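This is protein_0.cif. It holds mmCIF, C-alpha atoms and all ligand atoms; chains and numbers go by the auth columns.
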```cif
data_structure
loop_
_atom_site.group_PDB
_atom_site.id
_atom_site.type_symbol
_atom_site.label_atom_id
_atom_site.label_comp_id
_atom_site.label_asym_id
_atom_site.label_seq_id
_atom_site.Cartn_x
_atom_site.Cartn_y
_atom_site.Cartn_z
_atom_site.B_iso_or_equiv
_atom_site.auth_seq_id
_atom_site.auth_asym_id
ATOM 1 C CA MET A 1 117.567 -62.163 97.235 0.00 1 A
ATOM 2 C CA ASP A 2 115.151 -60.940 94.567 0.00 2 A
ATOM 3 C CA GLY A 3 112.799 -58.815 96.687 0.00 3 A
ATOM 4 C CA SER A 4 109.968 -61.329 96.391 0.00 4 A
ATOM 5 C CA GLN A 5 109.849 -61.489 100.196 0.00 5 A
ATOM 6 C CA PHE A 6 108.226 -58.036 100.210 0.00 6 A
ATOM 7 C CA ASP A 7 104.575 -57.314 99.343 0.00 7 A
ATOM 8 C CA ARG A 8 105.553 -54.260 97.302 0.00 8 A
ATOM 9 C CA LEU A 9 108.801 -52.668 96.193 0.00 9 A
ATOM 10 C CA PHE A 10 108.846 -48.944 95.405 0.00 10 A
ATOM 11 C CA ASP A 11 110.906 -46.994 92.905 0.00 11 A
ATOM 12 C CA ASP A 12 111.891 -43.411 93.660 0.00 12 A
ATOM 13 C CA GLY A 13 109.030 -41.040 92.927 0.00 13 A
ATOM 14 C CA VAL A 14 106.150 -43.506 92.774 0.00 14 A
ATOM 15 C CA HIS A 15 102.846 -42.744 94.482 0.00 15 A
ATOM 16 C CA PHE A 16 100.545 -45.088 96.364 0.00 16 A
ATOM 17 C CA LYS A 17 97.406 -44.678 98.448 0.00 17 A
ATOM 18 C CA ILE A 18 96.650 -45.250 102.104 0.00 18 A
ATOM 19 C CA GLY A 19 92.863 -45.112 102.017 0.00 19 A
ATOM 20 C CA ASN A 20 92.255 -41.951 100.002 0.00 20 A
ATOM 21 C CA MET A 21 95.534 -40.311 101.059 0.00 21 A
ATOM 22 C CA ASP A 22 98.235 -39.951 98.432 0.00 22 A
ATOM 23 C CA VAL A 23 101.760 -40.969 99.441 0.00 23 A
ATOM 24 C CA GLU A 24 104.856 -40.155 97.412 0.00 24 A
ATOM 25 C CA VAL A 25 107.918 -42.353 97.875 0.00 25 A
ATOM 26 C CA MET A 26 111.258 -40.565 97.933 0.00 26 A
ATOM 27 C CA HIS A 27 114.364 -42.771 97.908 0.00 27 A
ATOM 28 C CA THR A 28 116.615 -41.399 100.669 0.00 28 A
ATOM 29 C CA PRO A 29 119.587 -43.787 100.989 0.00 29 A
ATOM 30 C CA GLY A 30 122.690 -43.212 103.100 0.00 30 A
ATOM 31 C CA HIS A 31 121.929 -44.804 106.464 0.00 31 A
ATOM 32 C CA THR A 32 121.064 -47.905 104.449 0.00 32 A
ATOM 33 C CA PRO A 33 120.696 -48.320 100.669 0.00 33 A
ATOM 34 C CA ALA A 34 116.976 -49.099 101.089 0.00 34 A
ATOM 35 C CA CYS A 35 115.868 -46.090 103.185 0.00 35 A
ATOM 36 C CA VAL A 36 112.838 -44.171 101.939 0.00 36 A
ATOM 37 C CA THR A 37 110.883 -41.075 102.907 0.00 37 A
ATOM 38 C CA TYR A 38 107.106 -41.038 102.576 0.00 38 A
ATOM 39 C CA VAL A 39 105.665 -37.620 101.707 0.00 39 A
ATOM 40 C CA MET A 40 101.974 -37.101 102.481 0.00 40 A
ATOM 41 C CA GLY A 41 100.629 -33.608 101.910 0.00 41 A
ATOM 42 C CA ASN A 42 102.635 -31.268 104.129 0.00 42 A
ATOM 43 C CA SER A 43 104.050 -34.111 106.236 0.00 43 A
ATOM 44 C CA ALA A 44 107.014 -36.385 105.587 0.00 44 A
ATOM 45 C CA PHE A 45 108.038 -39.580 107.371 0.00 45 A
ATOM 46 C CA ILE A 46 111.786 -39.446 106.951 0.00 46 A
ATOM 47 C CA GLY A 47 113.121 -42.686 108.411 0.00 47 A
ATOM 48 C CA ASP A 48 116.762 -42.618 109.500 0.00 48 A
ATOM 49 C CA THR A 49 118.072 -39.498 107.784 0.00 49 A
ATOM 50 C CA LEU A 50 117.727 -36.382 109.915 0.00 50 A
ATOM 51 C CA PHE A 51 117.127 -36.687 113.648 0.00 51 A
ATOM 52 C CA MET A 52 116.012 -33.770 115.827 0.00 52 A
ATOM 53 C CA PRO A 53 118.012 -30.607 115.016 0.00 53 A
ATOM 54 C CA ASP A 54 119.863 -30.831 118.363 0.00 54 A
ATOM 55 C CA PHE A 55 120.921 -34.458 117.730 0.00 55 A
ATOM 56 C CA GLY A 56 121.882 -34.344 114.050 0.00 56 A
ATOM 57 C CA THR A 57 121.719 -37.130 111.516 0.00 57 A
ATOM 58 C CA ALA A 58 121.763 -40.924 111.209 0.00 58 A
ATOM 59 C CA ARG A 59 125.018 -42.837 111.057 0.00 59 A
ATOM 60 C CA ALA A 60 126.112 -43.863 107.584 0.00 60 A
ATOM 61 C CA ASP A 61 128.621 -46.637 108.305 0.00 61 A
ATOM 62 C CA PHE A 62 126.401 -49.716 108.259 0.00 62 A
ATOM 63 C CA PRO A 63 126.822 -52.175 105.347 0.00 63 A
ATOM 64 C CA GLY A 64 125.714 -50.331 102.198 0.00 64 A
ATOM 65 C CA GLY A 65 125.669 -46.978 104.014 0.00 65 A
ATOM 66 C CA SER A 66 127.227 -43.830 102.544 0.00 66 A
ATOM 67 C CA ALA A 67 127.767 -40.367 104.037 0.00 67 A
ATOM 68 C CA THR A 68 127.702 -38.875 100.527 0.00 68 A
ATOM 69 C CA ASP A 69 124.378 -40.548 99.732 0.00 69 A
ATOM 70 C CA LEU A 70 123.010 -39.415 103.100 0.00 70 A
ATOM 71 C CA TYR A 71 123.968 -35.809 102.356 0.00 71 A
ATOM 72 C CA HIS A 72 122.139 -35.870 99.021 0.00 72 A
ATOM 73 C CA SER A 73 119.111 -37.584 100.563 0.00 73 A
ATOM 74 C CA ILE A 74 118.955 -34.915 103.266 0.00 74 A
ATOM 75 C CA GLN A 75 119.113 -32.183 100.619 0.00 75 A
ATOM 76 C CA LYS A 76 116.057 -33.776 98.952 0.00 76 A
ATOM 77 C CA ILE A 77 114.173 -33.603 102.256 0.00 77 A
ATOM 78 C CA LEU A 78 115.307 -30.029 102.902 0.00 78 A
ATOM 79 C CA ALA A 79 114.012 -29.069 99.430 0.00 79 A
ATOM 80 C CA LEU A 80 110.453 -29.767 100.630 0.00 80 A
ATOM 81 C CA PRO A 81 108.492 -26.615 101.642 0.00 81 A
ATOM 82 C CA ASP A 82 109.832 -24.992 104.846 0.00 82 A
ATOM 83 C CA GLU A 83 106.633 -25.645 106.784 0.00 83 A
ATOM 84 C CA THR A 84 106.642 -29.406 106.037 0.00 84 A
ATOM 85 C CA THR A 85 106.356 -31.417 109.267 0.00 85 A
ATOM 86 C CA LEU A 86 109.074 -34.070 109.465 0.00 86 A
ATOM 87 C CA TYR A 87 108.289 -37.186 111.513 0.00 87 A
ATOM 88 C CA LEU A 88 111.325 -39.004 112.869 0.00 88 A
ATOM 89 C CA CYS A 89 112.141 -42.683 113.061 0.00 89 A
ATOM 90 C CA HIS A 90 114.147 -42.437 116.308 0.00 90 A
ATOM 91 C CA ASP A 91 114.892 -39.920 118.984 0.00 91 A
ATOM 92 C CA TYR A 92 117.695 -40.355 121.496 0.00 92 A
ATOM 93 C CA LYS A 93 117.044 -37.103 123.380 0.00 93 A
ATOM 94 C CA ALA A 94 120.107 -34.866 123.266 0.00 94 A
ATOM 95 C CA PRO A 95 122.519 -33.222 125.691 0.00 95 A
ATOM 96 C CA GLY A 96 120.414 -30.736 127.673 0.00 96 A
ATOM 97 C CA ARG A 97 117.078 -32.197 126.549 0.00 97 A
ATOM 98 C CA ASP A 98 115.273 -34.767 128.722 0.00 98 A
ATOM 99 C CA GLU A 99 112.046 -35.116 126.732 0.00 99 A
ATOM 100 C CA PHE A 100 111.602 -37.381 123.721 0.00 100 A
ATOM 101 C CA CYS A 101 110.620 -35.615 120.496 0.00 101 A
ATOM 102 C CA TRP A 102 109.220 -37.018 117.257 0.00 102 A
ATOM 103 C CA GLN A 103 108.525 -34.141 114.909 0.00 103 A
ATOM 104 C CA THR A 104 110.201 -31.061 113.540 0.00 104 A
ATOM 105 C CA THR A 105 110.049 -28.990 110.339 0.00 105 A
ATOM 106 C CA VAL A 106 112.152 -28.392 107.266 0.00 106 A
ATOM 107 C CA ALA A 107 112.719 -24.774 108.371 0.00 107 A
ATOM 108 C CA GLU A 108 113.998 -25.846 111.809 0.00 108 A
ATOM 109 C CA GLN A 109 116.324 -28.435 110.280 0.00 109 A
ATOM 110 C CA LYS A 110 117.754 -25.998 107.758 0.00 110 A
ATOM 111 C CA ALA A 111 118.334 -23.398 110.447 0.00 111 A
ATOM 112 C CA SER A 112 119.768 -25.459 113.260 0.00 112 A
ATOM 113 C CA ASN A 113 120.509 -29.139 112.579 0.00 113 A
ATOM 114 C CA VAL A 114 123.850 -29.595 114.329 0.00 114 A
ATOM 115 C CA HIS A 115 125.268 -31.814 111.550 0.00 115 A
ATOM 116 C CA VAL A 116 123.870 -30.349 108.387 0.00 116 A
ATOM 117 C CA GLY A 117 122.034 -27.094 109.170 0.00 117 A
ATOM 118 C CA GLY A 118 123.247 -23.624 108.336 0.00 118 A
ATOM 119 C CA GLY A 119 124.098 -24.615 104.774 0.00 119 A
ATOM 120 C CA LYS A 120 126.863 -27.144 105.521 0.00 120 A
ATOM 121 C CA THR A 121 128.608 -28.225 102.338 0.00 121 A
ATOM 122 C CA GLU A 122 128.829 -31.829 101.166 0.00 122 A
ATOM 123 C CA GLU A 123 132.559 -31.885 101.957 0.00 123 A
ATOM 124 C CA GLU A 124 132.059 -30.545 105.473 0.00 124 A
ATOM 125 C CA PHE A 125 129.281 -33.032 106.144 0.00 125 A
ATOM 126 C CA VAL A 126 131.047 -36.088 104.723 0.00 126 A
ATOM 127 C CA SER A 127 134.318 -35.468 106.536 0.00 127 A
ATOM 128 C CA PHE A 128 132.545 -34.772 109.837 0.00 128 A
ATOM 129 C CA LYS A 129 130.250 -37.784 109.456 0.00 129 A
ATOM 130 C CA THR A 130 133.017 -40.194 108.494 0.00 130 A
ATOM 131 C CA ALA A 131 135.140 -39.163 111.487 0.00 131 A
ATOM 132 C CA ARG A 132 132.204 -39.276 113.914 0.00 132 A
ATOM 133 C CA ASP A 133 130.871 -42.645 112.708 0.00 133 A
ATOM 134 C CA ALA A 134 134.336 -44.162 113.156 0.00 134 A
ATOM 135 C CA GLN A 135 133.986 -43.509 116.904 0.00 135 A
ATOM 136 C CA LEU A 136 130.665 -45.381 117.216 0.00 136 A
ATOM 137 C CA SER A 137 130.612 -49.069 118.023 0.00 137 A
ATOM 138 C CA MET A 138 128.575 -51.448 115.885 0.00 138 A
ATOM 139 C CA PRO A 139 125.269 -52.570 117.437 0.00 139 A
ATOM 140 C CA LYS A 140 125.788 -56.074 118.894 0.00 140 A
ATOM 141 C CA LEU A 141 123.110 -57.668 116.711 0.00 141 A
ATOM 142 C CA ILE A 142 123.763 -55.788 113.445 0.00 142 A
ATOM 143 C CA ILE A 143 125.050 -58.825 111.522 0.00 143 A
ATOM 144 C CA PRO A 144 122.177 -61.228 112.322 0.00 144 A
ATOM 145 C CA SER A 145 119.626 -58.387 112.092 0.00 145 A
ATOM 146 C CA ILE A 146 120.580 -57.416 108.551 0.00 146 A
ATOM 147 C CA GLN A 147 120.298 -61.008 107.317 0.00 147 A
ATOM 148 C CA VAL A 148 116.703 -61.161 108.564 0.00 148 A
ATOM 149 C CA ASN A 149 115.707 -57.548 107.727 0.00 149 A
ATOM 150 C CA MET A 150 116.748 -57.895 104.093 0.00 150 A
ATOM 151 C CA ARG A 151 114.375 -60.858 103.798 0.00 151 A
ATOM 152 C CA ALA A 152 111.421 -58.899 105.254 0.00 152 A
ATOM 153 C CA GLY A 153 111.673 -60.775 108.545 0.00 153 A
ATOM 154 C CA GLN A 154 112.123 -64.278 107.138 0.00 154 A
ATOM 155 C CA LEU A 155 115.068 -66.468 108.034 0.00 155 A
ATOM 156 C CA PRO A 156 117.539 -67.492 105.314 0.00 156 A
ATOM 157 C CA PRO A 157 116.708 -70.714 103.434 0.00 157 A
ATOM 158 C CA ALA A 158 118.021 -73.987 104.868 0.00 158 A
ATOM 159 C CA GLU A 159 121.400 -75.164 103.602 0.00 159 A
ATOM 160 C CA GLU A 160 122.223 -78.647 102.240 0.00 160 A
ATOM 161 C CA ASP A 161 122.411 -80.116 105.733 0.00 161 A
ATOM 162 C CA GLY A 162 118.855 -78.937 106.407 0.00 162 A
ATOM 163 C CA GLU A 163 119.939 -76.315 108.953 0.00 163 A
ATOM 164 C CA VAL A 164 119.291 -72.557 108.773 0.00 164 A
ATOM 165 C CA TYR A 165 122.315 -70.351 109.390 0.00 165 A
ATOM 166 C CA LEU A 166 122.966 -66.691 110.139 0.00 166 A
ATOM 167 C CA LYS A 167 126.523 -66.035 109.028 0.00 167 A
ATOM 168 C CA VAL A 168 129.310 -63.874 110.421 0.00 168 A
ATOM 169 C CA PRO A 169 131.708 -62.547 107.748 0.00 169 A
ATOM 170 C CA ILE A 170 134.873 -62.538 109.858 0.00 170 A
ATOM 171 C CA ASN A 171 137.088 -60.850 107.246 0.00 171 A
ATOM 172 C CA ARG A 172 134.809 -57.815 106.703 0.00 172 A
ATOM 173 C CA LEU A 173 134.502 -56.256 110.153 0.00 173 A
HETATM 174 FE FE FE B . 118.307 -47.441 111.421 0.00 201 B
#
```
Show me the file's structure as C-alpha cells.
Amino acid sequence: MDGSQFDRLFDDGVHFKIGNMDVEVMHTPGHTPACVTYVMGNSAFIGDTLFMPDFGTARADFPGGSATDLYHSIQKILALPDETTLYLCHDYKAPGRDEFCWQTTVAEQKASNVHVGGGKTEEEFVSFKTARDAQLSMPKLIIPSIQVNMRAGQLPPAEEDGEVYLKVPINRL
C-alpha cells in the first residue's frame, strides 16, 4: 500500500479548489486514521467525528481508531467559529427523535453533544468512549470492507496461485 490507488492524497492543512470554491483539509483521525474534515467558508463536512448532538460521536474502536485522537479531532472542529454549519456523514436518529438530520452547528455541538458537549475533558471522553465502544458489535463486513476501502475500492493483487484473497486475521479479533 503506497497510496497510489488514490487520485490525490492530502496533508493536514492543505487547500484545494472545487470550481472556484476554496476547500481546506483538516486531518481529523480517531474513527479511522484517514478521516478528514473539509472546511469550505462557514461550512464543514466532518465525516465520522461528531454526530447530531443528541446522538454523540463516532465509535473509535475500528482498526487504527483511537478515542484520544477522536477527542483531539473534535476539539479542532469545535474551534471553528460557533456559527459554522457542520454537515454529518451519518445520522441514526436518536431516542425520542424520528426524523433524520444532516446538519448542525459548532455552537449546538459545544452546548449539547451528549458525548463531548459541555466542556467534557479528554479523560472523561476517553473513558466513556472506550467503555461504550466495548459494548458495540463489529459490523459483519468490517474485515473485507477495510481491505477494499484502503485500496480506494480496488481488490488486493492476485497471489502466486493467481487468485485474489480477502483475508481474515483470526488472532486479532
Ligand atoms: Fe465510518
> Residues picked by the PyMOL selection byres (((chain A and resi 80) around 10) and not hetatm) here, as a count of residues only?
Replying inline: 18
Collect all residues with atoms no farther than 8 Å from ligand FE 201 (chain B), counting all atoms listed in the file, and output them as a PDB file with C-alpha atoms, keeping the file's coordinate frame.
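Wrote it out as result_21.pdb, contents follow:
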```pdb
ATOM      1  CA  HIS A  31     121.929 -44.804 106.464  1.00  0.00           C
ATOM      2  CA  THR A  32     121.064 -47.905 104.449  1.00  0.00           C
ATOM      3  CA  GLY A  47     113.121 -42.686 108.411  1.00  0.00           C
ATOM      4  CA  ASP A  48     116.762 -42.618 109.500  1.00  0.00           C
ATOM      5  CA  ALA A  58     121.763 -40.924 111.209  1.00  0.00           C
ATOM      6  CA  CYS A  89     112.141 -42.683 113.061  1.00  0.00           C
TER       7      CYS A  89
END
```
>> as a list of chain:residue names, please: the residues near stretch 146-157 of chain A (cut-off 12 Å, all atoms listed in the file, same-chain neighbours under 6 positions excluded).
In response: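 The residues satisfying every condition are A:Met1, A:Asp2, A:Gly3, A:Ser4, A:Gln5, A:Phe6, A:Asp7, A:Arg8, A:Leu9, A:Thr32, A:Pro33, A:Ala34, A:Cys35, A:Phe62, A:Pro63, A:Gly64, A:Pro139, A:Lys140, A:Glu163, A:Val164, A:Tyr165, A:Leu166, A:Lys167, A:Val168, A:Pro169.
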>> Tell me which residues come within 12 Å of (112.2, -37.0, 112.5), as a count of residues only, counting all atoms listed in the file in the file's coordinates.
In response: 40
>> Can you measure atom CA of A:Leu70 to atom CA of A:Phe128 for me? One decimal in Å is fine.
In response: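 Computing the Euclidean distance for atom CA of A:Leu70 and atom CA of A:Phe128 yields 12.6 Å.
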>> For the provided coordinates, the residues matched by the PyMOL selection byres (((chain A and resi 12-23) around 7) and not hetatm) should be stated as a ChimeraX atom specification.
In response: /A:10-11,24-27,38-40
>> Nearest residue to A:Arg59 out of A:Glu124, A:Glu159, A:Glu99, A:Asp133, using all atoms listed in the file?
In response: A:Asp133
Would you compute, for all listed atoms of stretch 116-130 of chain A, the axis-aligned bounding box grown by 6 Å on each side, and then report its centre and edge lengths in Å rounded to one decimal, as JSON?
```
{"center_x": 128.2, "center_y": -31.9, "center_z": 105.5, "size_x": 24.3, "size_y": 28.6, "size_z": 20.7}
```
>> Show me, as a ChimeraX atom specification, the residues that have an atom within 10 Å of A:Glu123 when counting only C-alpha atoms, minus same-chain residues fewer than 3 positions from it.
In response: /A:67-68,71,120,126-129
> Any idea what the distance is between atom CA of A:Val114 and atom CA of A:Gly65?
Replying inline: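 Going from atom CA of A:Val114 over to atom CA of A:Gly65, I get 20.3 Å.
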>> Rounded to one decimal, what separation in Å do you get between atom CA of A:Pro144 and atom CA of A:Thr28?
In response: 23.7 Å
Incomplete stretch 136-158 of chain A brought to N, CA, C and O atoms, written out as a tab-separated table (two decimals), keeping the file's coordinate frame:
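Contents of selection-v1.tsv, as written:
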```tsv
chain	number	residue	atom	x	y	z
A	136	LEU	N	131.83	-44.66	116.69
A	136	LEU	CA	130.66	-45.38	117.22
A	136	LEU	C	130.91	-46.88	117.11
A	136	LEU	O	131.49	-47.36	116.14
A	137	SER	N	130.47	-47.61	118.14
A	137	SER	CA	130.61	-49.07	118.02
A	137	SER	C	129.43	-49.63	117.25
A	137	SER	O	128.36	-49.03	117.20
A	138	MET	N	129.65	-50.79	116.63
A	138	MET	CA	128.57	-51.45	115.88
A	138	MET	C	127.55	-52.02	116.87
A	138	MET	O	127.94	-52.57	117.90
A	139	PRO	N	126.25	-51.90	116.57
A	139	PRO	CA	125.27	-52.57	117.44
A	139	PRO	C	125.58	-54.07	117.50
A	139	PRO	O	125.95	-54.67	116.49
A	140	LYS	N	125.41	-54.66	118.69
A	140	LYS	CA	125.79	-56.07	118.89
A	140	LYS	C	125.11	-57.01	117.90
A	140	LYS	O	125.70	-57.99	117.47
A	141	LEU	N	123.86	-56.73	117.54
A	141	LEU	CA	123.11	-57.67	116.71
A	141	LEU	C	123.01	-57.23	115.25
A	141	LEU	O	122.16	-57.72	114.52
A	142	ILE	N	123.90	-56.32	114.81
A	142	ILE	CA	123.76	-55.79	113.44
A	142	ILE	C	123.88	-56.90	112.39
A	142	ILE	O	123.10	-56.92	111.43
A	143	ILE	N	124.82	-57.81	112.57
A	143	ILE	CA	125.05	-58.82	111.52
A	143	ILE	C	123.85	-59.78	111.39
A	143	ILE	O	123.31	-59.94	110.30
A	144	PRO	N	123.39	-60.40	112.49
A	144	PRO	CA	122.18	-61.23	112.32
A	144	PRO	C	120.96	-60.41	111.91
A	144	PRO	O	120.14	-60.89	111.10
A	145	SER	N	120.82	-59.18	112.42
A	145	SER	CA	119.63	-58.39	112.09
A	145	SER	C	119.51	-58.14	110.60
A	145	SER	O	118.43	-58.27	110.01
A	146	ILE	N	120.62	-57.75	109.97
A	146	ILE	CA	120.58	-57.42	108.55
A	146	ILE	C	120.13	-58.62	107.74
A	146	ILE	O	119.34	-58.50	106.80
A	147	GLN	N	120.62	-59.81	108.12
A	147	GLN	CA	120.30	-61.01	107.32
A	147	GLN	C	118.81	-61.35	107.38
A	147	GLN	O	118.27	-61.98	106.47
A	148	VAL	N	118.15	-60.92	108.45
A	148	VAL	CA	116.70	-61.16	108.56
A	148	VAL	C	115.93	-59.98	107.98
A	148	VAL	O	114.96	-60.15	107.25
A	149	ASN	N	116.39	-58.74	108.26
A	149	ASN	CA	115.71	-57.55	107.73
A	149	ASN	C	115.62	-57.58	106.21
A	149	ASN	O	114.59	-57.23	105.63
A	150	MET	N	116.73	-57.95	105.56
A	150	MET	CA	116.75	-57.90	104.09
A	150	MET	C	115.84	-58.93	103.46
A	150	MET	O	115.55	-58.87	102.26
A	151	ARG	N	115.35	-59.87	104.28
A	151	ARG	CA	114.38	-60.86	103.80
A	151	ARG	C	112.99	-60.57	104.36
A	151	ARG	O	112.16	-61.46	104.46
A	152	ALA	N	112.74	-59.32	104.74
A	152	ALA	CA	111.42	-58.90	105.25
A	152	ALA	C	111.01	-59.73	106.47
A	152	ALA	O	109.85	-60.08	106.63
A	153	GLY	N	111.99	-60.08	107.30
A	153	GLY	CA	111.67	-60.78	108.54
A	153	GLY	C	111.75	-62.29	108.46
A	153	GLY	O	111.57	-62.98	109.47
A	154	GLN	N	112.00	-62.82	107.25
A	154	GLN	CA	112.12	-64.28	107.14
A	154	GLN	C	113.57	-64.70	107.37
A	154	GLN	O	114.50	-63.96	107.08
A	155	LEU	N	113.72	-65.93	107.86
A	155	LEU	CA	115.07	-66.47	108.03
A	155	LEU	C	115.63	-66.90	106.68
A	155	LEU	O	114.88	-67.13	105.73
A	156	PRO	N	116.95	-67.00	106.57
A	156	PRO	CA	117.54	-67.49	105.31
A	156	PRO	C	117.05	-68.91	105.02
A	156	PRO	O	116.63	-69.62	105.94
A	157	PRO	N	117.11	-69.34	103.75
A	157	PRO	CA	116.71	-70.71	103.43
A	157	PRO	C	117.67	-71.72	104.07
A	157	PRO	O	118.82	-71.40	104.35
A	158	ALA	N	117.18	-72.93	104.30
A	158	ALA	CA	118.02	-73.99	104.87
A	158	ALA	C	119.15	-74.34	103.90
A	158	ALA	O	118.99	-74.26	102.68
```
